[in-house]
file input.pdb (PDB, C-alpha atoms)
ATOM      1  CA  MET O   1      30.276   9.458  11.145
ATOM      2  CA  GLN O   2      26.740  10.540  10.382
ATOM      3  CA  ALA O   3      25.451  12.054   7.185
ATOM      4  CA  ALA O   4      22.150  13.698   6.346
ATOM      5  CA  PHE O   5      20.096  12.726   3.306
ATOM      6  CA  TYR O   6      17.910  15.247   1.557
ATOM      7  CA  ASN O   7      15.137  14.832  -0.959
ATOM      8  CA  ARG O   8      13.155  17.469  -2.750
ATOM      9  CA  ILE O   9       9.417  16.934  -3.068
ATOM     10  CA  LEU O  10       7.948  18.118  -6.341
ATOM     11  CA  PRO O  11       5.020  20.560  -6.100
ATOM     12  CA  SER O  12       1.674  18.976  -6.828
ATOM     13  CA  SER O  13       1.227  21.196  -9.883
ATOM     14  CA  ALA O  14       4.554  20.116 -11.356
ATOM     15  CA  ARG O  15       3.686  16.475 -10.842
ATOM     16  CA  LYS O  16       0.292  16.619 -12.567
ATOM     17  CA  GLY O  17       0.089  13.982 -15.251
ATOM     18  CA  ARG O  18       3.324  12.341 -14.138
ATOM     19  CA  ARG O  19       3.545   8.833 -12.843
ATOM     20  CA  PRO O  20       5.868   8.423  -9.848
ATOM     21  CA  ARG O  21       9.310   7.240 -10.928
ATOM     22  CA  ARG O  22      10.444   4.208  -9.029
ATOM     23  CA  ILE O  23      13.949   4.227  -7.629
ATOM     24  CA  GLY O  24      15.691   0.916  -7.201
ATOM     25  CA  ARG O  25      16.172  -0.191  -3.669
ATOM     26  CA  GLY O  26      19.856  -0.772  -4.283
ATOM     27  CA  ILE O  27      20.337   2.895  -5.175
ATOM     28  CA  LEU O  28      18.620   4.035  -2.012
ATOM     29  CA  LEU O  29      20.451   1.695   0.291
ATOM     30  CA  SER O  30      23.906   2.243  -1.193
ATOM     31  CA  ALA O  31      23.912   5.714   0.313
ATOM     32  CA  ALA O  32      22.743   4.338   3.628
ATOM     33  CA  ILE O  33      25.828   2.171   4.042
ATOM     34  CA  ALA O  34      27.870   5.247   4.820
ATOM     35  CA  ALA O  35      25.286   6.607   7.212
ATOM     36  CA  ALA O  36      24.025   3.795   9.362
ATOM     37  CA  GLY O  37      21.383   5.074  11.697
ATOM     38  CA  ALA O  38      21.007   8.373   9.871
ATOM     39  CA  LEU O  39      17.564   9.735   9.197
ATOM     40  CA  ILE O  40      16.145  10.732   5.859
ATOM     41  CA  VAL O  41      14.127  13.903   5.839
ATOM     42  CA  VAL O  42      11.339  14.483   3.383
ATOM     43  CA  PRO O  43      10.625  18.221   3.351
ATOM     44  CA  ALA O  44       7.369  19.255   1.756
ATOM     45  CA  GLN O  45       7.936  21.349  -1.357
ATOM     46  CA  ALA O  46      11.084  22.899   0.052
ATOM     47  CA  GLN O  47      14.693  23.213  -1.024
ATOM     48  CA  PRO O  48      17.058  21.326   1.337
ATOM     49  CA  THR O  49      18.353  23.452   4.218
ATOM     50  CA  LEU O  50      20.924  22.909   6.910
ATOM     51  CA  PRO O  51      19.438  20.327   9.272
ATOM     52  CA  GLY O  52      19.041  20.667  12.986
ATOM     53  CA  VAL O  53      19.422  17.777  15.373
ATOM     54  CA  GLY O  54      16.245  16.349  16.843
ATOM     55  CA  SER O  55      15.404  13.536  19.228
ATOM     56  CA  PHE O  56      14.613  11.189  16.334
ATOM     57  CA  GLY O  57      17.970  11.729  14.612
ATOM     58  CA  ILE O  58      19.142  14.259  12.031
ATOM     59  CA  THR O  59      16.113  16.234  10.950
ATOM     60  CA  ASP O  60      15.073  19.246   8.936
ATOM     61  CA  PRO O  61      14.036  22.496  10.642
ATOM     62  CA  VAL O  62      10.652  22.530  12.348
ATOM     63  CA  PRO O  63       7.960  22.919   9.652
ATOM     64  CA  PRO O  64       5.709  26.001   9.567
ATOM     65  CA  GLN O  65       2.800  26.087  11.983
ATOM     66  CA  ALA O  66      -0.156  24.206  10.535
ATOM     67  CA  ASP O  67      -3.200  26.206   9.509
ATOM     68  CA  PHE O  68      -5.510  23.249  10.060
ATOM     69  CA  ALA O  69      -7.004  21.312  12.953
ATOM     70  CA  PRO O  70      -5.287  18.091  14.057
ATOM     71  CA  PRO O  71      -6.036  15.555  11.292
ATOM     72  CA  SER O  72      -6.298  11.777  11.437
ATOM     73  CA  ILE O  73      -3.507   9.502  10.200
ATOM     74  CA  ASN O  74      -4.303   6.038   8.855
ATOM     75  CA  ILE O  75      -1.382   4.273  10.572
ATOM     76  CA  ALA O  76      -1.673   4.014  14.324
ATOM     77  CA  ASP O  77       1.143   4.936  16.678
ATOM     78  CA  GLY O  78       3.194   1.793  17.309
ATOM     79  CA  GLU O  79       1.694  -0.145  14.390
ATOM     80  CA  THR O  80       3.751  -2.304  12.021
ATOM     81  CA  VAL O  81       2.763  -2.195   8.330
ATOM     82  CA  GLY O  82       4.018  -3.492   5.003
ATOM     83  CA  VAL O  83       6.361  -1.897   2.488
ATOM     84  CA  ALA O  84       3.534  -0.760   0.172
ATOM     85  CA  GLN O  85       1.491   1.091   2.802
ATOM     86  CA  PRO O  86       0.779   4.739   1.895
ATOM     87  CA  ILE O  87       0.366   7.397   4.564
ATOM     88  CA  VAL O  88      -3.158   8.854   4.431
ATOM     89  CA  ILE O  89      -3.930  12.115   6.235
ATOM     90  CA  ASN O  90      -7.588  13.126   6.547
ATOM     91  CA  PHE O  91      -8.354  16.740   7.472
ATOM     92  CA  LYS O  92     -11.410  17.857   9.425
ATOM     93  CA  ASP O  93     -12.069  20.750   7.024
ATOM     94  CA  PRO O  94     -11.361  21.340   3.325
ATOM     95  CA  ILE O  95      -7.845  22.616   2.626
ATOM     96  CA  ALA O  96      -7.725  25.785   0.533
ATOM     97  CA  ASP O  97      -3.922  25.993   0.225
ATOM     98  CA  ARG O  98      -2.571  22.526  -0.494
ATOM     99  CA  ALA O  99       1.030  23.681  -0.850
ATOM    100  CA  ALA O 100       0.961  25.311   2.593
ATOM    101  CA  ALA O 101      -0.574  22.192   4.120
ATOM    102  CA  GLU O 102       2.183  20.016   2.639
ATOM    103  CA  LYS O 103       4.836  22.311   4.080
ATOM    104  CA  ALA O 104       3.309  21.902   7.542
ATOM    105  CA  ILE O 105       3.641  18.096   7.427
ATOM    106  CA  ARG O 106       6.891  16.401   8.409
ATOM    107  CA  ILE O 107       7.668  12.769   7.524
ATOM    108  CA  THR O 108      10.916  11.217   8.723
ATOM    109  CA  SER O 109      12.297   7.699   8.390
ATOM    110  CA  SER O 110      15.299   5.771   9.678
ATOM    111  CA  LYS O 111      16.275   4.660   6.153
ATOM    112  CA  PRO O 112      16.270   6.717   2.944
ATOM    113  CA  ALA O 113      12.821   6.767   1.352
ATOM    114  CA  PRO O 114      12.239   9.711  -1.017
ATOM    115  CA  GLY O 115       8.610  10.175  -1.964
ATOM    116  CA  GLU O 116       5.828  12.598  -2.786
ATOM    117  CA  PHE O 117       2.421  13.934  -1.786
ATOM    118  CA  TYR O 118      -0.727  13.409  -3.860
ATOM    119  CA  TRP O 119      -4.245  14.602  -3.095
ATOM    120  CA  ARG O 120      -7.447  12.568  -3.339
ATOM    121  CA  SER O 121      -9.712  15.453  -2.273
ATOM    122  CA  ASN O 122      -9.517  18.797  -0.480
ATOM    123  CA  GLN O 123      -9.744  16.859   2.779
ATOM    124  CA  GLN O 124      -7.276  14.064   2.083
ATOM    125  CA  VAL O 125      -3.604  14.022   1.162
ATOM    126  CA  ARG O 126      -1.482  10.910   0.778
ATOM    127  CA  TRP O 127       2.245  10.301   0.779
ATOM    128  CA  LYS O 128       4.231   7.281  -0.313
ATOM    129  CA  PRO O 129       7.801   6.536  -1.311
ATOM    130  CA  LEU O 130       8.698   6.549  -5.010
ATOM    131  CA  GLY O 131       9.406   2.832  -4.617
ATOM    132  CA  PHE O 132       8.354   0.528  -1.799
ATOM    133  CA  TRP O 133       9.503   1.454   1.702
ATOM    134  CA  PRO O 134      12.830  -0.117   2.723
ATOM    135  CA  ASP O 135      12.049  -3.073   4.969
ATOM    136  CA  ASN O 136      12.387  -2.714   8.732
ATOM    137  CA  THR O 137      12.264   1.073   8.796
ATOM    138  CA  ASP O 138      11.010   3.363  11.560
ATOM    139  CA  VAL O 139       8.778   6.227  10.371
ATOM    140  CA  ARG O 140       7.279   9.266  12.100
ATOM    141  CA  VAL O 141       4.553  11.541  10.762
ATOM    142  CA  GLU O 142       3.761  14.931  12.299
ATOM    143  CA  ALA O 143       0.834  16.995  11.018
ATOM    144  CA  GLY O 144      -0.928  19.849  12.797
ATOM    145  CA  GLY O 145      -0.684  18.456  16.312
ATOM    146  CA  THR O 146      -1.218  14.822  15.303
ATOM    147  CA  ALA O 147       1.750  12.453  15.320
ATOM    148  CA  SER O 148       2.262   8.759  14.660
ATOM    149  CA  SER O 149       5.449   6.713  14.967
ATOM    150  CA  PHE O 150       5.211   3.340  13.287
ATOM    151  CA  ARG O 151       7.376   0.643  11.741
ATOM    152  CA  ILE O 152       7.683  -0.818   8.268
ATOM    153  CA  GLY O 153       8.177  -4.563   8.714
ATOM    154  CA  ASP O 154       9.754  -7.198   6.493
ATOM    155  CA  ALA O 155       9.323  -6.922   2.735
ATOM    156  CA  LEU O 156       6.635  -9.596   2.346
ATOM    157  CA  VAL O 157       5.770  -9.431  -1.357
ATOM    158  CA  SER O 158       3.216 -11.685  -3.074
ATOM    159  CA  THR O 159       3.188 -12.046  -6.873
ATOM    160  CA  ALA O 160       0.137 -13.632  -8.512
ATOM    161  CA  ASP O 161       1.066 -14.745 -12.028
ATOM    162  CA  ASP O 162      -1.843 -15.637 -14.281
ATOM    163  CA  SER O 163       0.454 -17.377 -16.746
ATOM    164  CA  THR O 164       1.275 -20.007 -14.122
ATOM    165  CA  HIS O 165      -1.835 -19.620 -11.907
ATOM    166  CA  THR O 166       0.477 -19.364  -8.922
ATOM    167  CA  ILE O 167       0.969 -16.946  -6.027
ATOM    168  CA  THR O 168       4.615 -16.721  -4.950
ATOM    169  CA  VAL O 169       5.364 -15.065  -1.606
ATOM    170  CA  THR O 170       8.821 -13.729  -0.773
ATOM    171  CA  ARG O 171      10.150 -12.358   2.490
ATOM    172  CA  ASN O 172      13.047  -9.934   2.074
ATOM    173  CA  GLY O 173      13.717 -11.466  -1.342
ATOM    174  CA  GLU O 174      13.532 -15.159  -0.398
ATOM    175  CA  VAL O 175      10.647 -17.415  -1.430
ATOM    176  CA  VAL O 176       8.677 -18.581   1.613
ATOM    177  CA  MET O 177       5.466 -19.873   0.026
ATOM    178  CA  GLU O 178       3.974 -20.888  -3.319
ATOM    179  CA  MET O 179       0.293 -21.612  -3.730
ATOM    180  CA  PRO O 180      -1.944 -22.457  -6.698
ATOM    181  CA  THR O 181      -4.603 -19.879  -7.506
ATOM    182  CA  SER O 182      -7.556 -19.320  -9.809
ATOM    183  CA  MET O 183      -8.197 -15.722 -10.822
ATOM    184  CA  GLY O 184     -10.922 -13.957 -12.790
ATOM    185  CA  LYS O 185     -12.593 -15.908 -15.574
ATOM    186  CA  PRO O 186     -13.468 -14.377 -18.984
ATOM    187  CA  LYS O 187     -15.552 -11.170 -18.608
ATOM    188  CA  HIS O 188     -14.408 -10.996 -14.967
ATOM    189  CA  GLU O 189     -10.642 -10.842 -15.468
ATOM    190  CA  THR O 190      -8.546  -9.737 -12.508
ATOM    191  CA  PRO O 191      -6.787  -6.430 -13.290
ATOM    192  CA  ASN O 192      -3.006  -6.377 -13.333
ATOM    193  CA  GLY O 193      -1.232  -4.026 -10.979
ATOM    194  CA  THR O 194       0.195  -3.520  -7.532
ATOM    195  CA  TYR O 195      -2.343  -4.032  -4.770
ATOM    196  CA  TYR O 196      -1.748  -4.085  -1.024
ATOM    197  CA  VAL O 197      -3.283  -5.864   1.945
ATOM    198  CA  GLY O 198      -6.194  -4.134   3.679
ATOM    199  CA  GLU O 199      -8.743  -5.623   6.057
ATOM    200  CA  GLN O 200      -8.583  -9.326   6.900
ATOM    201  CA  LEU O 201     -11.771 -11.196   7.765
ATOM    202  CA  PRO O 202     -11.826 -14.761   9.134
ATOM    203  CA  LYS O 203     -15.407 -15.039   7.826
ATOM    204  CA  MET O 204     -17.525 -12.891   5.522
ATOM    205  CA  VAL O 205     -20.481 -13.075   3.127
ATOM    206  CA  MET O 206     -19.709 -12.289  -0.509
ATOM    207  CA  ASP O 207     -22.832 -11.012  -2.244
ATOM    208  CA  SER O 208     -22.870 -10.072  -5.939
ATOM    209  CA  SER O 209     -25.861  -7.790  -5.379
ATOM    210  CA  THR O 210     -23.551  -5.337  -3.587
ATOM    211  CA  TYR O 211     -22.090  -4.391  -6.966
ATOM    212  CA  GLY O 212     -25.290  -4.612  -9.002
ATOM    213  CA  VAL O 213     -25.564  -8.293  -9.994
ATOM    214  CA  PRO O 214     -28.659  -9.934  -8.449
ATOM    215  CA  VAL O 215     -28.127 -13.197  -6.656
ATOM    216  CA  THR O 216     -30.702 -14.747  -9.021
ATOM    217  CA  ASP O 217     -28.634 -13.756 -12.084
ATOM    218  CA  PRO O 218     -26.668 -16.586 -13.758
ATOM    219  CA  GLU O 219     -23.512 -14.730 -12.664
ATOM    220  CA  GLY O 220     -24.909 -13.907  -9.226
ATOM    221  CA  TYR O 221     -23.795 -15.429  -5.940
ATOM    222  CA  LYS O 222     -24.068 -15.167  -2.180
ATOM    223  CA  LEU O 223     -21.442 -17.222  -0.411
ATOM    224  CA  ASP O 224     -20.027 -17.677   3.065
ATOM    225  CA  VAL O 225     -16.267 -17.258   2.638
ATOM    226  CA  GLU O 226     -13.407 -17.962   5.040
ATOM    227  CA  TYR O 227     -10.027 -16.246   5.432
ATOM    228  CA  ALA O 228     -10.684 -13.277   3.170
ATOM    229  CA  THR O 229      -7.859 -10.744   2.760
ATOM    230  CA  ARG O 230      -8.908  -7.574   0.949
ATOM    231  CA  ILE O 231      -6.470  -6.200  -1.634
ATOM    232  CA  SER O 232      -8.698  -3.614  -3.379
ATOM    233  CA  SER O 233     -11.529  -1.291  -2.414
ATOM    234  CA  SER O 234     -13.506  -2.604  -5.380
ATOM    235  CA  GLY O 235     -13.844  -6.009  -3.736
ATOM    236  CA  ILE O 236     -10.903  -8.154  -4.826
ATOM    237  CA  PHE O 237      -9.793 -10.548  -2.092
ATOM    238  CA  VAL O 238      -7.422 -13.434  -1.608
ATOM    239  CA  HIS O 239      -9.779 -15.975  -0.037
ATOM    240  CA  ALA O 240     -10.564 -19.609   0.576
ATOM    241  CA  ALA O 241     -12.467 -21.191  -2.306
ATOM    242  CA  PRO O 242     -12.728 -24.942  -1.691
ATOM    243  CA  TRP O 243     -15.215 -25.157  -4.564
ATOM    244  CA  SER O 244     -12.498 -24.212  -7.107
ATOM    245  CA  VAL O 245      -9.562 -26.298  -5.877
ATOM    246  CA  ALA O 246      -9.623 -28.309  -9.115
ATOM    247  CA  GLN O 247      -9.146 -25.094 -11.138
ATOM    248  CA  GLN O 248      -6.486 -23.596  -8.843
ATOM    249  CA  GLY O 249      -3.118 -23.793 -10.564
ATOM    250  CA  VAL O 250      -4.832 -24.720 -13.823
ATOM    251  CA  SER O 251      -7.416 -22.191 -15.013
ATOM    252  CA  ASN O 252      -9.442 -19.140 -13.999
ATOM    253  CA  ALA O 253     -12.863 -19.548 -12.410
ATOM    254  CA  SER O 254     -13.481 -16.578 -10.098
ATOM    255  CA  HIS O 255     -15.287 -13.261 -10.499
ATOM    256  CA  GLY O 256     -11.983 -11.418 -10.049
ATOM    257  CA  CYS O 257     -10.761 -12.576  -6.653
ATOM    258  CA  LEU O 258      -7.694 -14.732  -6.085
ATOM    259  CA  ASN O 259      -9.115 -18.131  -5.142
ATOM    260  CA  VAL O 260      -6.884 -20.411  -3.068
ATOM    261  CA  SER O 261      -7.450 -23.460  -0.893
ATOM    262  CA  THR O 262      -8.702 -23.040   2.658
ATOM    263  CA  GLU O 263      -5.316 -24.023   4.073
ATOM    264  CA  ASN O 264      -3.487 -21.530   1.862
ATOM    265  CA  ALA O 265      -5.991 -18.745   2.542
ATOM    266  CA  ARG O 266      -5.471 -19.223   6.256
ATOM    267  CA  TRP O 267      -1.688 -19.141   5.808
ATOM    268  CA  PHE O 268      -1.974 -15.954   3.757
ATOM    269  CA  MET O 269      -4.106 -14.232   6.377
ATOM    270  CA  GLU O 270      -1.867 -15.279   9.258
ATOM    271  CA  ASN O 271       1.384 -14.253   7.559
ATOM    272  CA  THR O 272       0.527 -11.022   5.738
ATOM    273  CA  HIS O 273      -0.184  -7.643   7.279
ATOM    274  CA  LYS O 274      -1.744  -4.338   6.348
ATOM    275  CA  GLY O 275       0.287  -2.725   3.582
ATOM    276  CA  ASP O 276       2.026  -5.843   2.263
ATOM    277  CA  PRO O 277       2.093  -5.656  -1.572
ATOM    278  CA  VAL O 278       0.289  -8.123  -3.818
ATOM    279  CA  ILE O 279       1.420  -7.810  -7.451
ATOM    280  CA  VAL O 280      -0.845  -9.278 -10.141
ATOM    281  CA  VAL O 281       0.744  -9.930 -13.535
ATOM    282  CA  ASN O 282      -0.013 -11.485 -16.937
ATOM    283  CA  THR O 283      -3.812 -11.258 -16.885
ATOM    284  CA  SER O 284      -5.964  -9.902 -19.724
ATOM    285  CA  GLY O 285      -7.876  -7.658 -17.318
ATOM    286  CA  GLY O 286      -6.191  -4.307 -17.889
ATOM    287  CA  THR O 287      -4.743  -2.500 -14.873
ATOM    288  CA  LEU O 288      -6.216  -1.704 -11.458
ATOM    289  CA  SER O 289      -7.463   1.879 -11.576
ATOM    290  CA  THR O 290      -5.805   4.601  -9.544
ATOM    291  CA  ALA O 291      -9.370   5.644  -8.712
ATOM    292  CA  ASP O 292      -9.630   2.544  -6.547
ATOM    293  CA  ASN O 293      -9.025   3.688  -2.986
ATOM    294  CA  MET O 294      -6.220   1.111  -2.798
ATOM    295  CA  GLY O 295      -4.841   1.699  -6.286
ATOM    296  CA  ASP O 296      -2.058   4.045  -5.131
ATOM    297  CA  TRP O 297       0.738   2.182  -6.927
ATOM    298  CA  ASN O 298      -0.874   2.050 -10.382
TER
END
call {"tool": "encode", "arguments": {"input": "input.pdb", "output": "structure tokens"}}
result
Amino acid sequence: MQAAFYNRILPSSARKGRRPRRIGRGILLSAAIAAAGALIVVPAQAQPTLPGVGSFGITDPVPPQADFAPPSINIADGETVGVAQPIVINFKDPIADRAAAEKAIRITSSKPAPGEFYWRSNQQVRWKPLGFWPDNTDVRVEAGGTASSFRIGDALVSTADDSTHTITVTRNGEVVMEMPTSMGKPKHETPNGTYYVGEQLPKMVMDSSTYGVPVTDPEGYKLDVEYATRISSSGIFVHAAPWSVAQQGVSNASHGCLNVSTENARWFMENTHKGDPVIVVNTSGGTLSTADNMGDWN
């Protein structure tokens, strides 16, 4: 027996000033037990209506025709991403009627994942679940002639705890790796918050002058770095730092990044993927700003 799941998306105006409320994964999945294989529908700013039956499962009626050119979607067709990956839709032209644009976008998933839209500009809207995506979920996005079908992989969650100077990595709830780390030293404290994996670079040059600190400054640097995994747009990485191995697991010595050994940095790069969450806790560095282009969860 199949059942349909419905979720109402709050209008952007009604959500202003509200932080998304997280819904426990157990609550979401308890409903799914009775509807294995059923599809959750996330209508944009619409009351639930009687669903039709589509090729991807039980779906909502076809959304209104889009009044915008085919946009770009940040997740490629066929790609596998992590449970913290937001959907980012970039429009070719500024959107005058945001509510109408939301109604013309359809997002469906093979497991329940209620969520909401939020706008970064008149040419970019984002969507993410209220909590992390359920692991191993198939998702399809359709927007103005552009479509992408992708997969959410295992729930690979890394927690960097400054009280223990340790990064603990779990896969679907089970610990698979623990590694010592050294985070931001005084005046350069790493912000707390939920980050997620972005680009991954086997080699890169880290140059303090790119954010206004000359290399000749006592706090300046220009270093060749291996196995760098970006977790913020503002330049926080998990990366190899053989020069700080003595501090890793003991104290903080970085300019905000998560320093680990070369071996551990390589493991992290090889085992994490775009969209995997990295949660930083117990620092004295405040919280990662939502203004950061990867600060969606804060």
call {"tool": "closest_residue", "arguments": {"input": "input.pdb", "among": "O:Asn74, O:Ala104, O:Val88, O:Arg120", "to": "Ala291 (chain O)", "atoms": "only C-alpha atoms"}}
result
O:Arg120
call {"tool": "closest_residue", "arguments": {"input": "input.pdb", "among": "O:Asn298, O:Thr166, O:Thr194, O:Asn293", "to": "Asn264 (chain O)", "atoms": "all atoms listed in the file"}}
result
O:Thr166
call {"tool": "atom_distance", "arguments": {"input": "input.pdb", "atom1": "CA of Glu189 (chain O)", "atom2": "CA of Gly285 (chain O)"}}
result
4.6 Å
call {"tool": "atom_distance", "arguments": {"input": "input.pdb", "atom1": "CA of Arg140 (chain O)", "atom2": "CA of Phe91 (chain O)"}}
result
17.9 Å
call {"tool": "atom_distance", "arguments": {"input": "input.pdb", "atom1": "CA of Pro218 (chain O)", "atom2": "CA of Ala160 (chain O)"}}
result
27.5 Å
call {"tool": "closest_residue", "arguments": {"input": "input.pdb", "among": "O:His165, O:Arg230, O:His255, O:Arg266", "to": "Thr283 (chain O)", "atoms": "all atoms listed in the file"}}
result
O:His165
call {"tool": "closest_residue", "arguments": {"input": "input.pdb", "among": "O:Val169, O:Met206, O:Val197, O:Val260", "to": "Thr181 (chain O)", "atoms": "only C-alpha atoms"}}
result
O:Val260
call {"tool": "resolve_selection", "arguments": {"input": "input.pdb", "expression": "the PyMOL selection byres ((chain O and resi 84) around 7)", "output": "number ranges by chain"}}
result
O: 82-83, 85-86, 132-133, 196, 275-277
call {"tool": "residues_around", "arguments": {"input": "input.pdb", "residues": "Ile75 (chain O)", "least_positions_apart": "5", "cutoff": "12 Å", "atoms": "only C-alpha atoms", "output": "PDB file with C-alpha atoms, keeping the file's coordinate frame"}}
result
ATOM      1  CA  THR O  80       3.751  -2.304  12.021  1.00  0.00           C
ATOM      2  CA  VAL O  81       2.763  -2.195   8.330  1.00  0.00           C
ATOM      3  CA  GLY O  82       4.018  -3.492   5.003  1.00  0.00           C
ATOM      4  CA  GLN O  85       1.491   1.091   2.802  1.00  0.00           C
ATOM      5  CA  PRO O  86       0.779   4.739   1.895  1.00  0.00           C
ATOM      6  CA  ILE O  87       0.366   7.397   4.564  1.00  0.00           C
ATOM      7  CA  VAL O  88      -3.158   8.854   4.431  1.00  0.00           C
ATOM      8  CA  ILE O  89      -3.930  12.115   6.235  1.00  0.00           C
ATOM      9  CA  ASN O  90      -7.588  13.126   6.547  1.00  0.00           C
ATOM     10  CA  ARG O 126      -1.482  10.910   0.778  1.00  0.00           C
ATOM     11  CA  VAL O 139       8.778   6.227  10.371  1.00  0.00           C
ATOM     12  CA  ARG O 140       7.279   9.266  12.100  1.00  0.00           C
ATOM     13  CA  VAL O 141       4.553  11.541  10.762  1.00  0.00           C
ATOM     14  CA  GLU O 142       3.761  14.931  12.299  1.00  0.00           C
ATOM     15  CA  THR O 146      -1.218  14.822  15.303  1.00  0.00           C
ATOM     16  CA  ALA O 147       1.750  12.453  15.320  1.00  0.00           C
ATOM     17  CA  SER O 148       2.262   8.759  14.660  1.00  0.00           C
ATOM     18  CA  SER O 149       5.449   6.713  14.967  1.00  0.00           C
ATOM     19  CA  PHE O 150       5.211   3.340  13.287  1.00  0.00           C
ATOM     20  CA  ARG O 151       7.376   0.643  11.741  1.00  0.00           C
ATOM     21  CA  ILE O 152       7.683  -0.818   8.268  1.00  0.00           C
ATOM     22  CA  GLY O 198      -6.194  -4.134   3.679  1.00  0.00           C
ATOM     23  CA  LYS O 274      -1.744  -4.338   6.348  1.00  0.00           C
ATOM     24  CA  GLY O 275       0.287  -2.725   3.582  1.00  0.00           C
TER      25      GLY O 275
END
call {"tool": "decode", "arguments": {"input": "input.pdb", "residues": "region 100-111 of chain O", "atoms": "N, CA, C and O atoms", "output": "JSON list (two decimals), in the first residue's frame"}}
result
[["chain", "number", "residue", "atom", "x", "y", "z"],
["O", 100, "ALA", "N", 5.87, 33.56, -7.33],
["O", 100, "ALA", "CA", 5.51, 32.87, -8.56],
["O", 100, "ALA", "C", 6.63, 31.94, -9.02],
["O", 100, "ALA", "O", 6.39, 30.83, -9.50],
["O", 101, "ALA", "N", 7.86, 32.40, -8.86],
["O", 101, "ALA", "CA", 9.01, 31.57, -9.25],
["O", 101, "ALA", "C", 9.06, 30.30, -8.40],
["O", 101, "ALA", "O", 9.31, 29.20, -8.91],
["O", 102, "GLU", "N", 8.82, 30.43, -7.10],
["O", 102, "GLU", "CA", 8.83, 29.27, -6.21],
["O", 102, "GLU", "C", 7.76, 28.26, -6.63],
["O", 102, "GLU", "O", 7.99, 27.04, -6.61],
["O", 103, "LYS", "N", 6.59, 28.77, -7.01],
["O", 103, "LYS", "CA", 5.51, 27.88, -7.40],
["O", 103, "LYS", "C", 5.82, 27.11, -8.68],
["O", 103, "LYS", "O", 5.26, 26.04, -8.93],
["O", 104, "ALA", "N", 6.72, 27.65, -9.49],
["O", 104, "ALA", "CA", 7.07, 27.01, -10.76],
["O", 104, "ALA", "C", 8.21, 26.01, -10.61],
["O", 104, "ALA", "O", 8.66, 25.42, -11.60],
["O", 105, "ILE", "N", 8.69, 25.82, -9.39],
["O", 105, "ILE", "CA", 9.79, 24.87, -9.13],
["O", 105, "ILE", "C", 9.22, 23.65, -8.42],
["O", 105, "ILE", "O", 8.47, 23.78, -7.45],
["O", 106, "ARG", "N", 9.58, 22.47, -8.90],
["O", 106, "ARG", "CA", 9.14, 21.24, -8.23],
["O", 106, "ARG", "C", 10.34, 20.46, -7.75],
["O", 106, "ARG", "O", 11.28, 20.21, -8.51],
["O", 107, "ILE", "N", 10.31, 20.07, -6.47],
["O", 107, "ILE", "CA", 11.38, 19.27, -5.85],
["O", 107, "ILE", "C", 10.73, 18.03, -5.27],
["O", 107, "ILE", "O", 9.82, 18.13, -4.45],
["O", 108, "THR", "N", 11.18, 16.86, -5.70],
["O", 108, "THR", "CA", 10.63, 15.61, -5.20],
["O", 108, "THR", "C", 11.75, 14.73, -4.68],
["O", 108, "THR", "O", 12.88, 14.80, -5.15],
["O", 109, "SER", "N", 11.43, 13.90, -3.68],
["O", 109, "SER", "CA", 12.45, 13.00, -3.13],
["O", 109, "SER", "C", 11.83, 11.67, -2.76],
["O", 109, "SER", "O", 10.62, 11.58, -2.50],
["O", 110, "SER", "N", 12.64, 10.63, -2.74],
["O", 110, "SER", "CA", 12.16, 9.28, -2.49],
["O", 110, "SER", "C", 11.92, 8.99, -1.03],
["O", 110, "SER", "O", 11.35, 7.95, -0.68],
["O", 111, "LYS", "N", 12.38, 9.88, -0.14],
["O", 111, "LYS", "CA", 12.11, 9.78, 1.29],
["O", 111, "LYS", "C", 11.61, 11.14, 1.77],
["O", 111, "LYS", "O", 11.98, 12.17, 1.21]]
